[in-house]
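*Asks:* Okay, here's the structure, questions in a sec.
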Amino acid sequence: MPPSPAPSCSVLVTDLQLLDRALMGGAVSWERLQGSWAVLCVPSLVPTYVERAQRLAQAFGHPFTAEEMPRLRELFREKVQAGYDASPYSRLVVRYGTVPPPDRGLMWQLETVVVSPQNQAEQFIVNRPPDQFEAFPDAMVMAVATEMGADGQILKVLDIGGGTGRNGLALATAGHQVTVLDSNEVMLQAFGDRLAKLPNAEQITVIEGSVLDSNVVFPTNCFDLVILSGVLPYFSSLEELKEVFSRVSGALKPGGQVLLDAFITTDGYQPNQLAQEMGRVSDAMMFPPSMLAAAVAQTGLGLVAEEDAWAYETANLEPNAKQARQWLESWASAKRIFALPQGQRPPVVLKWLRYGKQS
């Protein structure tokens with residue numbers, strides 16, 4: 001029986017170069033590719049993430065089609081927004097890999113990984129053990145307390161967001177009565193471990209909660225000094241700031257003071273949406289001076305003094321303290337937000353701000 005003729009649509013290839021290229025293509029189809037990358041859950045960066053995903057797909061020879069791109073954008077937007085809404089520390093993990101041969105193409109998976117403030121605190125304590133990295137208080141905090149207690153007065157201090165006790169323990173050791181407020185149970189556990197080693201632990205009262213919690217009630221006209229060190233950069237809206245200053249003012253004695261640090265914009269810079277989102281996920285929210293002024297208005301608080309925080313701490317911390325707090329420079333200089341070349345700085349300054357309550 002004669003052989004069946006080749007299909008009319010088939011073209012016999014005998015060119016050795018063409019055949020070699022086809023052999024290479026066949027070998028490539030059996031390659032296994034697998035990888036992943038993690039990104040911040042910053043909604044304004046979704047177009048950038050989608051563009052990177054497409055460039056990666058193109059590099060491996062399997063770009064997304066025009067029909068697939070709208071779904072890809074929506075998937076990135078949905079996953080990133082979910083993470084941003086859940087926690088500032090969330091990440092989007094993008095995984096990709098080749099489909100099983102002999103098929104060709106890439107498989108993609110997007111997963112929102114929510115990192116809670118508690119989880120973040122646990123990692124924080126592992127990476128920066130409090131007994132080592134939090135052993136020295138803020139120079140400005142101790143200077144203000146020394147100034148206010150110069151006549152031997154024992155101050156009643158409220159340390160809001162006291163964390164693992166960097167300032168609270170030092171103030172108590174100096175003889176002051178300290179109330180520490182923090183909402184993170186992991187931080188408070190670490191604080192409790194350190195407090196147990198303090199001979200005058202009875203001078204410290206610990207409250208678990210947020211300054212914005214309605215069930216946290218401060219005594220009226222009670223404290224000489226209220227500290228918010230590293231706290232204001234966690235708030236993001238004018239309404240939140242107004243509530244913080246209102247509650248702080250109510251807790252202060254007439255003539256008392258509040259000391260805080262905040263990232264203040266300079267040179268007329270107005271943070272856009274991307275800058276605001278980056279500030280939130282970096283624990284470094286930025287505020288125009290006008291926003292802080294509006295938050296303080298009608299609270300009975302008036303600005304007493306302001307200082308460049310990093311410059312002050314650098315000039316006044318002891319060498320051992322500088323060594324223990326090396327992390328401060330990258331945070332205080334806003335390098336977590338702006339990746340500028342060496343020798344350049346953003347229009348943002350971390351400042352110590354002191355407000356007094358009118359008598």
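Ligands are numbered from 1 in the order shown, residues from 1 within each chain, and chains are lettered A, B, ... in the order they appear in the structure tokens.
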Quick one: residues within 9 Å of segment 115-121 of chain A, only C-alpha atoms, excluding same-chain residues fewer than 4 positions away - as an NGL selection string?
*Replies:* :A and (83 or 86-91 or 125-126 or 184-187)
*Asks:* As a PyMOL selection string, please: all residues of segment 239-273 of chain A that backbone DSSP puts in helix (DSSP H, G or I).
*Replies:* chain A and resi 239-251+273
*Asks:* Save out the residues we just selected, C-alpha atoms, as a PDB file, in the first residue's frame.
*Replies:*
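Once everything was written out, this is out_16.pdb:
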ATOM      1  CA  GLU A 239      -8.916  64.707  62.242  1.00  0.00           C
ATOM      2  CA  GLU A 240      -6.622  62.250  64.021  1.00  0.00           C
ATOM      3  CA  LEU A 241      -4.119  64.987  64.828  1.00  0.00           C
ATOM      4  CA  LYS A 242      -6.834  67.241  66.237  1.00  0.00           C
ATOM      5  CA  GLU A 243      -8.044  64.442  68.498  1.00  0.00           C
ATOM      6  CA  VAL A 244      -4.497  63.701  69.698  1.00  0.00           C
ATOM      7  CA  PHE A 245      -3.760  67.330  70.578  1.00  0.00           C
ATOM      8  CA  SER A 246      -7.149  67.806  72.198  1.00  0.00           C
ATOM      9  CA  ARG A 247      -6.655  64.802  74.474  1.00  0.00           C
ATOM     10  CA  VAL A 248      -3.080  65.759  75.280  1.00  0.00           C
ATOM     11  CA  SER A 249      -4.096  69.301  76.159  1.00  0.00           C
ATOM     12  CA  GLY A 250      -6.820  68.034  78.464  1.00  0.00           C
ATOM     13  CA  ALA A 251      -4.340  65.801  80.306  1.00  0.00           C
ATOM     14  CA  GLN A 273      -0.769  60.877  47.228  1.00  0.00           C
TER      15      GLN A 273
END
*Asks:* Could you jot down the atom CA of Cys222 of chain A to atom CA of Arg354 of chain A separation for me, Å, one decimal place?
*Replies:*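 Separating atom CA of Cys222 of chain A from atom CA of Arg354 of chain A is a distance of 17.9 Å.
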*Asks:* Can you work out the spacing between atom CA of Gln358 of chain A and atom CA of Ala293 of chain A in Å, to one decimal?
*Replies:*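 Here the two named atoms are 15.9 Å from each other.
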